[in-house]
Amino acid sequence: MGNKIRVLVVDDSAVVRQSLSSILEKDPEIEVMGTAADPIIAVKKIMKEVPDVITLDVEMPRMDGLTFLRKIMAQHPIPVVVISSLTTEGTEVAMKALEYGASEIIGKPSMNPDVFFQESHIMLCDVVKAAAMSKLKRKNPEEFKQQDESTAPKPAVKVEPVKKPVVAAGMPSVAPKYTADVVIEKGNTNDVIVSTEKVIVLGASTGGTEAIRVLLKTMPADMPGIVIVQHMPEGFTKSFSNSLNQISKLDVKEAENGDKVIRGRVLIAPGNKHMLLKRVGKEYIVEVKEGPLVNRHRPSVDVLFRSAARYAGRNAIGVILTGMGNDGAKGMQELHDTGAYTIGQDEASCVVYGMPKEAFKAGAIDKVLPLNKITEHLVQVGQ
């Protein structure tokens, strides 16, 4: 990739192209090599110089983003970050883009696209860097056909853009990299009530949407309750949960505050909210709450894992999957220290071997497994 990550920005809006370029160029590790108003222009630019990453709007004239993405992944795979609007149609198309091979998705700003918020700046640059590290493989056109046929129509979900406080235009200041301490204090593990009921807590980032899909598709209906943090923007986790629910024997839903964690149920943390595992008597529930970015993420895997260490202890099974960075490593260490059983995805099957690598380096992983072996092992240890 050279010294900088070279990015091609593809969007039919000149204002969005300018805004994205301006934000990306302010990161010393990123260089915008060009912009394109539609995929036809993008193809001509790619023929002259291949970018390291493409940011792609999915709703464009002449050729839609999904068609362009399919052509890229079938002919010359390039990491793609999908920039999608927070609408029902936009979130559904973005989820399809992930199935087709997009590395990441991020929502367009809900207000004036020329004004990026501090957190949006952090997330945009981070997802571009994560995409640049992704391991891609060329897709056979038949794979797209099979994916389309296996996806049943999903119920429409109305997603309203959420207004956020605006910061002054220009270069956003660098936010502190908070730990899980800002959301939940480290608890006394001696307070954990002994129970025979297991609970699975799982964290993932880049490549995680497909990895989670692979795991849940083959899981039996009587699995212990599963609580998942997948790094994903606000507005997209509802569609993600719905799509998983259609292919799994388990009941999969976007988590709501106070939801019970029970056998046969999977709860996905809503985008832009932290999710914690809590205990009420002998039952587990989830708490969904606001809070600062933790390890530059919200939801954060560290927050979930720390809460599981505090309230489930050795009754928990921790799983960390593909993703860039170190979110989840400290929380996994805390889980491990309580006697919880921990699993990390192996390097060969990861799209980005970052989060599992950091947890392994910390000595927090009991078992390293390829993705296609994790479900079978969870069935065994979850009894």
# chains A, B, ... in the order shown; residues from 1 in each chain; ligands from 1
>>> residues_around(residues="Met355 of chain A", least_positions_apart="4", cutoff="8 Å", atoms="only C-alpha atoms", output="PyMOL selection string")
chain A and resi 204+320-329+359
>>> closest_residue(among="A:Ile105, A:Met223, A:Leu276, A:Leu304", to="Val381 of chain A", atoms="only C-alpha atoms")
A:Met223
>>> residues_around(residues="Arg279 of chain A", least_positions_apart="6", cutoff="9 Å", atoms="only C-alpha atoms", output="list in words")
Ile285, Val286, Tyr311 and Ala312 of chain A
>>> closest_atom_pairs(of="segment 219-285 of chain A", to="segment 290-303 of chain A", cutoff="9 Å", atoms="only C-alpha atoms", output="tab-separated table")
residue	atom	partner	partner_atom	distance
A:Ile228	CA	A:Val301	CA	8.4
A:Val229	CA	A:Val301	CA	5.8
A:Gln230	CA	A:Pro299	CA	7.6
A:His231	CA	A:Pro299	CA	6.4
A:Met232	CA	A:Pro299	CA	8.0
A:Pro233	CA	A:Arg298	CA	8.5
A:Ala269	CA	A:Pro299	CA	6.8
A:Pro270	CA	A:Pro299	CA	7.4
A:Gly271	CA	A:Pro299	CA	6.4
A:Asn272	CA	A:Arg298	CA	5.1
A:Lys273	CA	A:Pro299	CA	5.2
A:His274	CA	A:Pro299	CA	4.2
A:Met275	CA	A:Pro299	CA	6.5
A:Leu276	CA	A:Val303	CA	6.5
>>> write_last_selection(atoms="all heavy atoms", output="tab-separated table (two decimals), in the first residue's frame")
chain	number	residue	atom	x	y	z
A	228	ILE	N	-24.11	-10.16	21.51
A	228	ILE	CA	-23.09	-9.84	20.50
A	228	ILE	C	-22.90	-8.34	20.35
A	228	ILE	O	-23.87	-7.57	20.25
A	228	ILE	CB	-23.50	-10.41	19.13
A	228	ILE	CG1	-23.53	-11.95	19.18
A	228	ILE	CG2	-22.53	-9.94	18.03
A	228	ILE	CD1	-24.03	-12.60	17.89
A	229	VAL	N	-21.64	-7.92	20.34
A	229	VAL	CA	-21.27	-6.57	19.91
A	229	VAL	C	-20.54	-6.70	18.58
A	229	VAL	O	-19.47	-7.32	18.51
A	229	VAL	CB	-20.37	-5.86	20.94
A	229	VAL	CG1	-19.68	-4.66	20.30
A	229	VAL	CG2	-21.19	-5.40	22.13
A	230	GLN	N	-21.14	-6.18	17.53
A	230	GLN	CA	-20.51	-6.05	16.22
A	230	GLN	C	-20.37	-4.57	15.93
A	230	GLN	O	-21.35	-3.83	15.98
A	230	GLN	CB	-21.39	-6.72	15.14
A	230	GLN	CG	-21.07	-6.31	13.71
A	230	GLN	CD	-19.72	-6.82	13.23
A	230	GLN	OE1	-19.37	-7.99	13.44
A	230	GLN	NE2	-18.94	-5.95	12.60
A	231	HIS	N	-19.16	-4.12	15.68
A	231	HIS	CA	-18.97	-2.71	15.37
A	231	HIS	C	-19.76	-2.37	14.11
A	231	HIS	O	-19.44	-2.84	13.02
A	231	HIS	CB	-17.49	-2.40	15.14
A	231	HIS	CG	-16.66	-2.54	16.37
A	231	HIS	ND1	-15.29	-2.73	16.33
A	231	HIS	CD2	-16.98	-2.53	17.69
A	231	HIS	CE1	-14.81	-2.81	17.56
A	231	HIS	NE2	-15.82	-2.70	18.41
A	232	MET	N	-20.78	-1.54	14.26
A	232	MET	CA	-21.66	-1.20	13.15
A	232	MET	C	-22.35	0.12	13.47
A	232	MET	O	-22.70	0.37	14.62
A	232	MET	CB	-22.68	-2.32	12.94
A	232	MET	CG	-23.56	-2.16	11.71
A	232	MET	SD	-24.61	-3.62	11.44
A	232	MET	CE	-23.42	-4.73	10.70
A	233	PRO	N	-22.57	0.98	12.47
A	233	PRO	CA	-23.17	2.28	12.74
A	233	PRO	C	-24.62	2.18	13.17
A	233	PRO	O	-25.31	1.18	12.94
A	233	PRO	CB	-23.06	3.03	11.40
A	233	PRO	CG	-22.10	2.25	10.58
A	233	PRO	CD	-22.18	0.84	11.06
A	269	ALA	N	-26.11	-5.83	19.87
A	269	ALA	CA	-26.04	-4.46	20.38
A	269	ALA	C	-26.46	-3.47	19.31
A	269	ALA	O	-25.99	-3.54	18.17
A	269	ALA	CB	-24.63	-4.15	20.85
A	270	PRO	N	-27.35	-2.52	19.64
A	270	PRO	CA	-27.73	-1.51	18.66
A	270	PRO	C	-26.57	-0.57	18.37
A	270	PRO	O	-25.79	-0.23	19.27
A	270	PRO	CB	-28.89	-0.76	19.34
A	270	PRO	CG	-28.72	-1.02	20.80
A	270	PRO	CD	-28.06	-2.36	20.92
A	271	GLY	N	-26.43	-0.16	17.11
A	271	GLY	CA	-25.37	0.77	16.75
A	271	GLY	C	-25.48	2.06	17.54
A	271	GLY	O	-26.57	2.54	17.85
A	272	ASN	N	-24.32	2.62	17.92
A	272	ASN	CA	-24.22	3.88	18.64
A	272	ASN	C	-24.66	3.77	20.11
A	272	ASN	O	-24.84	4.79	20.77
A	272	ASN	CB	-25.02	4.99	17.96
A	272	ASN	CG	-24.52	6.38	18.35
A	272	ASN	OD1	-23.32	6.60	18.50
A	272	ASN	ND2	-25.44	7.31	18.51
A	273	LYS	N	-24.82	2.56	20.63
A	273	LYS	CA	-25.14	2.36	22.05
A	273	LYS	C	-24.22	1.27	22.60
A	273	LYS	O	-23.94	0.29	21.92
A	273	LYS	CB	-26.60	1.92	22.23
A	273	LYS	CG	-27.64	2.93	21.76
A	273	LYS	CD	-27.78	4.06	22.74
A	273	LYS	CE	-28.84	5.06	22.27
A	273	LYS	NZ	-30.18	4.47	22.21
A	274	HIS	N	-23.81	1.45	23.85
A	274	HIS	CA	-23.08	0.37	24.53
A	274	HIS	C	-24.07	-0.65	25.06
A	274	HIS	O	-25.22	-0.30	25.39
A	274	HIS	CB	-22.25	0.93	25.68
A	274	HIS	CG	-21.07	1.74	25.25
A	274	HIS	ND1	-20.07	1.21	24.46
A	274	HIS	CD2	-20.74	3.05	25.49
A	274	HIS	CE1	-19.15	2.15	24.24
A	274	HIS	NE2	-19.54	3.26	24.84
A	275	MET	N	-23.65	-1.90	25.14
A	275	MET	CA	-24.50	-2.94	25.71
A	275	MET	C	-23.74	-3.70	26.78
A	275	MET	O	-22.60	-4.12	26.57
A	275	MET	CB	-24.99	-3.91	24.62
A	275	MET	CG	-25.92	-4.99	25.16
A	275	MET	SD	-26.69	-5.96	23.83
A	275	MET	CE	-25.26	-6.82	23.17
A	276	LEU	N	-24.38	-3.88	27.93
A	276	LEU	CA	-23.78	-4.57	29.07
A	276	LEU	C	-24.64	-5.76	29.45
A	276	LEU	O	-25.86	-5.73	29.33
A	276	LEU	CB	-23.67	-3.64	30.28
A	276	LEU	CG	-22.76	-2.43	30.21
A	276	LEU	CD1	-23.39	-1.30	29.40
A	276	LEU	CD2	-22.43	-1.93	31.62
>>> atom_distance(atom1="atom CA of Val288 of chain A", atom2="atom CA of Gly258 of chain A")
7.7 Å
>>> closest_residue(among="A:Leu24, A:Met63, A:Val201, A:Leu244", to="Cys125 of chain A", atoms="only C-alpha atoms")
A:Leu24
>>> select_by_dssp(residues="segment 8-119 of chain A", states="strand (DSSP E)", output="list of chain:residue names")
A:Leu8, A:Val9, A:Val10, A:Ile30, A:Glu31, A:Val32, A:Met33, A:Gly34, A:Thr35, A:Ala36, A:Val53, A:Ile54, A:Thr55, A:Leu56, A:Asp57, A:Val80, A:Val81, A:Val82, A:Ile83, A:Ser84, A:Glu104, A:Ile105, A:Ile106, A:Gly107
>>> residues_around(residues="Ala97 of chain A", least_positions_apart="3", cutoff="8 Å", atoms="only C-alpha atoms", output="PyMOL selection string")
chain A and resi 66+69+82+93-94+100-102
>>> write_last_selection(atoms="N, CA and C atoms", output="JSON list (two decimals), in the first residue's frame")
[["chain", "number", "residue", "atom", "x", "y", "z"],
["A", 66, "LEU", "N", -24.43, -1.41, -5.90],
["A", 66, "LEU", "CA", -24.39, -2.87, -5.73],
["A", 66, "LEU", "C", -23.86, -3.55, -6.98],
["A", 69, "LEU", "N", -20.20, -2.97, -7.13],
["A", 69, "LEU", "CA", -19.53, -3.79, -6.12],
["A", 69, "LEU", "C", -19.40, -5.23, -6.59],
["A", 82, "VAL", "N", -18.80, 1.08, 2.21],
["A", 82, "VAL", "CA", -20.08, 1.57, 1.72],
["A", 82, "VAL", "C", -20.54, 2.75, 2.57],
["A", 93, "VAL", "N", -29.94, -2.11, 1.55],
["A", 93, "VAL", "CA", -28.96, -2.21, 0.47],
["A", 93, "VAL", "C", -27.55, -2.34, 1.03],
["A", 94, "ALA", "N", -27.27, -1.60, 2.11],
["A", 94, "ALA", "CA", -25.95, -1.68, 2.73],
["A", 94, "ALA", "C", -25.67, -3.08, 3.26],
["A", 100, "TYR", "N", -22.16, -9.08, -0.34],
["A", 100, "TYR", "CA", -21.46, -9.14, -1.63],
["A", 100, "TYR", "C", -19.96, -8.94, -1.49],
["A", 101, "GLY", "N", -19.49, -8.55, -0.30],
["A", 101, "GLY", "CA", -18.05, -8.44, -0.12],
["A", 101, "GLY", "C", -17.52, -7.10, 0.34],
["A", 102, "ALA", "N", -18.40, -6.11, 0.59],
["A", 102, "ALA", "CA", -17.93, -4.84, 1.13],
["A", 102, "ALA", "C", -17.28, -5.08, 2.50]]
>>> residues_around(residues="Val7 of chain A", least_positions_apart="3", cutoff="9 Å", atoms="only C-alpha atoms", output="VMD selection string")
chain A and resid 21 24 30 to 35 51 to 55 128
>>> closest_residue(among="A:Gly225, A:Gly208, A:Gly264, A:Pro370", to="Leu277 of chain A", atoms="only C-alpha atoms")
A:Gly225
>>> closest_residue(among="A:Val280, A:Leu267, A:Ile106, A:Ile200", to="Val127 of chain A", atoms="only C-alpha atoms")
A:Ile106
>>> closest_residue(among="A:Phe305, A:Tyr341, A:Phe360, A:Tyr353", to="Lys186 of chain A", atoms="only C-alpha atoms")
A:Phe305
>>> atom_distance(atom1="atom CA of Arg310 of chain A", atom2="atom CA of Ser241 of chain A")
26.3 Å
>>> residues_around(residues="Pro61 of chain A", least_positions_apart="3", cutoff="10 Å", atoms="only C-alpha atoms", output="ChimeraX atom specification")
/A:11-12,37-40,58,64-65
>>> write_last_selection(atoms="N, CA and C atoms", output="PDB file, in the first residue's frame")
ATOM      1  N   ASP A  11     -19.161   8.973  -5.277  1.00  0.00           N
ATOM      2  CA  ASP A  11     -20.454   9.464  -4.793  1.00  0.00           C
ATOM      3  C   ASP A  11     -20.990  10.460  -5.810  1.00  0.00           C
ATOM      4  N   ASP A  12     -22.299  10.430  -6.068  1.00  0.00           N
ATOM      5  CA  ASP A  12     -22.861  11.334  -7.077  1.00  0.00           C
ATOM      6  C   ASP A  12     -23.034  12.757  -6.559  1.00  0.00           C
ATOM      7  N   ALA A  37     -17.974  10.681  -9.804  1.00  0.00           N
ATOM      8  CA  ALA A  37     -19.394  10.969  -9.603  1.00  0.00           C
ATOM      9  C   ALA A  37     -20.275   9.751  -9.841  1.00  0.00           C
ATOM     10  N   ASP A  38     -19.732   8.715 -10.467  1.00  0.00           N
ATOM     11  CA  ASP A  38     -20.500   7.477 -10.667  1.00  0.00           C
ATOM     12  C   ASP A  38     -19.531   6.340 -10.964  1.00  0.00           C
ATOM     13  N   PRO A  39     -20.015   5.083 -10.943  1.00  0.00           N
ATOM     14  CA  PRO A  39     -19.128   3.932 -11.157  1.00  0.00           C
ATOM     15  C   PRO A  39     -18.465   3.907 -12.525  1.00  0.00           C
ATOM     16  N   ILE A  40     -19.099   4.458 -13.554  1.00  0.00           N
ATOM     17  CA  ILE A  40     -18.495   4.460 -14.887  1.00  0.00           C
ATOM     18  C   ILE A  40     -17.204   5.269 -14.877  1.00  0.00           C
ATOM     19  N   VAL A  58     -24.158   3.778  -2.544  1.00  0.00           N
ATOM     20  CA  VAL A  58     -24.871   2.670  -3.201  1.00  0.00           C
ATOM     21  C   VAL A  58     -26.021   3.148  -4.081  1.00  0.00           C
ATOM     22  N   ASP A  64     -25.799   1.418 -10.389  1.00  0.00           N
ATOM     23  CA  ASP A  64     -25.954   1.482  -8.937  1.00  0.00           C
ATOM     24  C   ASP A  64     -24.747   0.871  -8.237  1.00  0.00           C
ATOM     25  N   GLY A  65     -24.583   1.234  -6.973  1.00  0.00           N
ATOM     26  CA  GLY A  65     -23.412   0.800  -6.220  1.00  0.00           C
ATOM     27  C   GLY A  65     -23.298  -0.701  -6.062  1.00  0.00           C
TER      28      GLY A  65
END
>>> closest_residue(among="A:Pro77, A:Pro224, A:Gly203, A:Gly90", to="Gly318 of chain A", atoms="only C-alpha atoms")
A:Gly203
>>> select_by_dssp(residues="segment 5-127 of chain A", states="alpha helix (DSSP H)", output="PyMOL selection string")
chain A and resi 14-25+39-48+65-75+88-100+118-127
>>> atom_distance(atom1="atom CA of Met60 of chain A", atom2="atom CA of Glu210 of chain A")
25.3 Å
>>> decode(residues="segment 334-349 of chain A", atoms="all heavy atoms", output="tab-separated table (two decimals), in the first residue's frame")
chain	number	residue	atom	x	y	z
A	334	GLU	N	-10.07	-9.89	31.43
A	334	GLU	CA	-10.85	-9.87	32.66
A	334	GLU	C	-11.78	-11.08	32.75
A	334	GLU	O	-11.94	-11.68	33.81
A	334	GLU	CB	-11.64	-8.56	32.76
A	334	GLU	CG	-10.75	-7.35	32.97
A	334	GLU	CD	-11.51	-6.03	32.90
A	334	GLU	OE1	-12.75	-6.05	33.05
A	334	GLU	OE2	-10.87	-4.98	32.72
A	335	LEU	N	-12.38	-11.45	31.62
A	335	LEU	CA	-13.20	-12.66	31.58
A	335	LEU	C	-12.38	-13.89	31.94
A	335	LEU	O	-12.77	-14.71	32.76
A	335	LEU	CB	-13.79	-12.84	30.17
A	335	LEU	CG	-15.15	-12.24	29.86
A	335	LEU	CD1	-15.47	-12.43	28.38
A	335	LEU	CD2	-16.24	-12.88	30.70
A	336	HIS	N	-11.23	-13.99	31.29
A	336	HIS	CA	-10.35	-15.13	31.49
A	336	HIS	C	-9.92	-15.25	32.96
A	336	HIS	O	-9.88	-16.35	33.52
A	336	HIS	CB	-9.12	-14.99	30.59
A	336	HIS	CG	-8.22	-16.18	30.56
A	336	HIS	ND1	-7.14	-16.31	31.39
A	336	HIS	CD2	-8.25	-17.30	29.80
A	336	HIS	CE1	-6.53	-17.46	31.14
A	336	HIS	NE2	-7.19	-18.08	30.18
A	337	ASP	N	-9.66	-14.10	33.58
A	337	ASP	CA	-9.20	-14.10	34.96
A	337	ASP	C	-10.28	-14.57	35.94
A	337	ASP	O	-9.97	-15.02	37.04
A	337	ASP	CB	-8.74	-12.69	35.37
A	337	ASP	CG	-7.43	-12.30	34.70
A	337	ASP	OD1	-6.76	-13.18	34.15
A	337	ASP	OD2	-7.10	-11.09	34.71
A	338	THR	N	-11.55	-14.46	35.54
A	338	THR	CA	-12.64	-14.92	36.41
A	338	THR	C	-12.89	-16.43	36.27
A	338	THR	O	-13.70	-17.00	37.00
A	338	THR	CB	-13.96	-14.20	36.09
A	338	THR	OG1	-14.43	-14.59	34.80
A	338	THR	CG2	-13.79	-12.70	36.17
A	339	GLY	N	-12.23	-17.06	35.29
A	339	GLY	CA	-12.45	-18.48	35.04
A	339	GLY	C	-13.38	-18.75	33.88
A	339	GLY	O	-13.73	-19.90	33.59
A	340	ALA	N	-13.79	-17.70	33.18
A	340	ALA	CA	-14.61	-17.89	31.99
A	340	ALA	C	-13.80	-18.58	30.90
A	340	ALA	O	-12.58	-18.43	30.83
A	340	ALA	CB	-15.12	-16.55	31.48
A	341	TYR	N	-14.47	-19.33	30.04
A	341	TYR	CA	-13.81	-20.00	28.92
A	341	TYR	C	-13.79	-19.05	27.73
A	341	TYR	O	-14.80	-18.42	27.41
A	341	TYR	CB	-14.56	-21.28	28.55
A	341	TYR	CG	-13.84	-22.14	27.53
A	341	TYR	CD1	-12.71	-22.86	27.89
A	341	TYR	CD2	-14.29	-22.21	26.22
A	341	TYR	CE1	-12.04	-23.65	26.97
A	341	TYR	CE2	-13.64	-23.00	25.29
A	341	TYR	CZ	-12.51	-23.72	25.66
A	341	TYR	OH	-11.84	-24.48	24.75
A	342	THR	N	-12.63	-18.94	27.08
A	342	THR	CA	-12.47	-17.94	26.02
A	342	THR	C	-11.98	-18.57	24.72
A	342	THR	O	-11.12	-19.45	24.72
A	342	THR	CB	-11.50	-16.84	26.45
A	342	THR	OG1	-10.24	-17.43	26.83
A	342	THR	CG2	-12.06	-16.06	27.64
A	343	ILE	N	-12.51	-18.05	23.61
A	343	ILE	CA	-12.20	-18.57	22.27
A	343	ILE	C	-11.83	-17.40	21.37
A	343	ILE	O	-12.48	-16.36	21.36
A	343	ILE	CB	-13.42	-19.30	21.67
A	343	ILE	CG1	-13.85	-20.48	22.55
A	343	ILE	CG2	-13.13	-19.77	20.24
A	343	ILE	CD1	-15.19	-21.08	22.15
A	344	GLY	N	-10.78	-17.59	20.57
A	344	GLY	CA	-10.38	-16.59	19.59
A	344	GLY	C	-10.33	-17.18	18.20
A	344	GLY	O	-9.89	-18.32	18.01
A	345	GLN	N	-10.79	-16.41	17.21
A	345	GLN	CA	-10.72	-16.86	15.82
A	345	GLN	C	-9.27	-16.87	15.36
A	345	GLN	O	-8.48	-15.98	15.70
A	345	GLN	CB	-11.55	-15.93	14.93
A	345	GLN	CG	-11.65	-16.40	13.48
A	345	GLN	CD	-12.54	-15.49	12.64
A	345	GLN	OE1	-13.22	-14.62	13.16
A	345	GLN	NE2	-12.53	-15.68	11.34
A	346	ASP	N	-8.90	-17.86	14.55
A	346	ASP	CA	-7.50	-17.96	14.12
A	346	ASP	C	-7.19	-16.97	12.99
A	346	ASP	O	-8.09	-16.43	12.35
A	346	ASP	CB	-7.15	-19.39	13.72
A	346	ASP	CG	-7.73	-19.81	12.37
A	346	ASP	OD1	-8.63	-19.13	11.85
A	346	ASP	OD2	-7.30	-20.85	11.84
A	347	GLU	N	-5.90	-16.74	12.77
A	347	GLU	CA	-5.46	-15.74	11.80
A	347	GLU	C	-5.90	-16.08	10.38
A	347	GLU	O	-6.34	-15.21	9.63
A	347	GLU	CB	-3.94	-15.59	11.84
A	347	GLU	CG	-3.40	-14.55	10.89
A	347	GLU	CD	-1.91	-14.31	11.05
A	347	GLU	OE1	-1.26	-15.05	11.84
A	347	GLU	OE2	-1.38	-13.40	10.40
A	348	ALA	N	-5.80	-17.35	10.00
A	348	ALA	CA	-6.08	-17.75	8.62
A	348	ALA	C	-7.52	-17.45	8.20
A	348	ALA	O	-7.78	-17.10	7.05
A	348	ALA	CB	-5.79	-19.23	8.44
A	349	SER	N	-8.46	-17.56	9.13
A	349	SER	CA	-9.87	-17.36	8.78
A	349	SER	C	-10.37	-15.95	9.05
A	349	SER	O	-11.52	-15.62	8.74
A	349	SER	CB	-10.76	-18.38	9.50
A	349	SER	OG	-10.73	-18.18	10.90
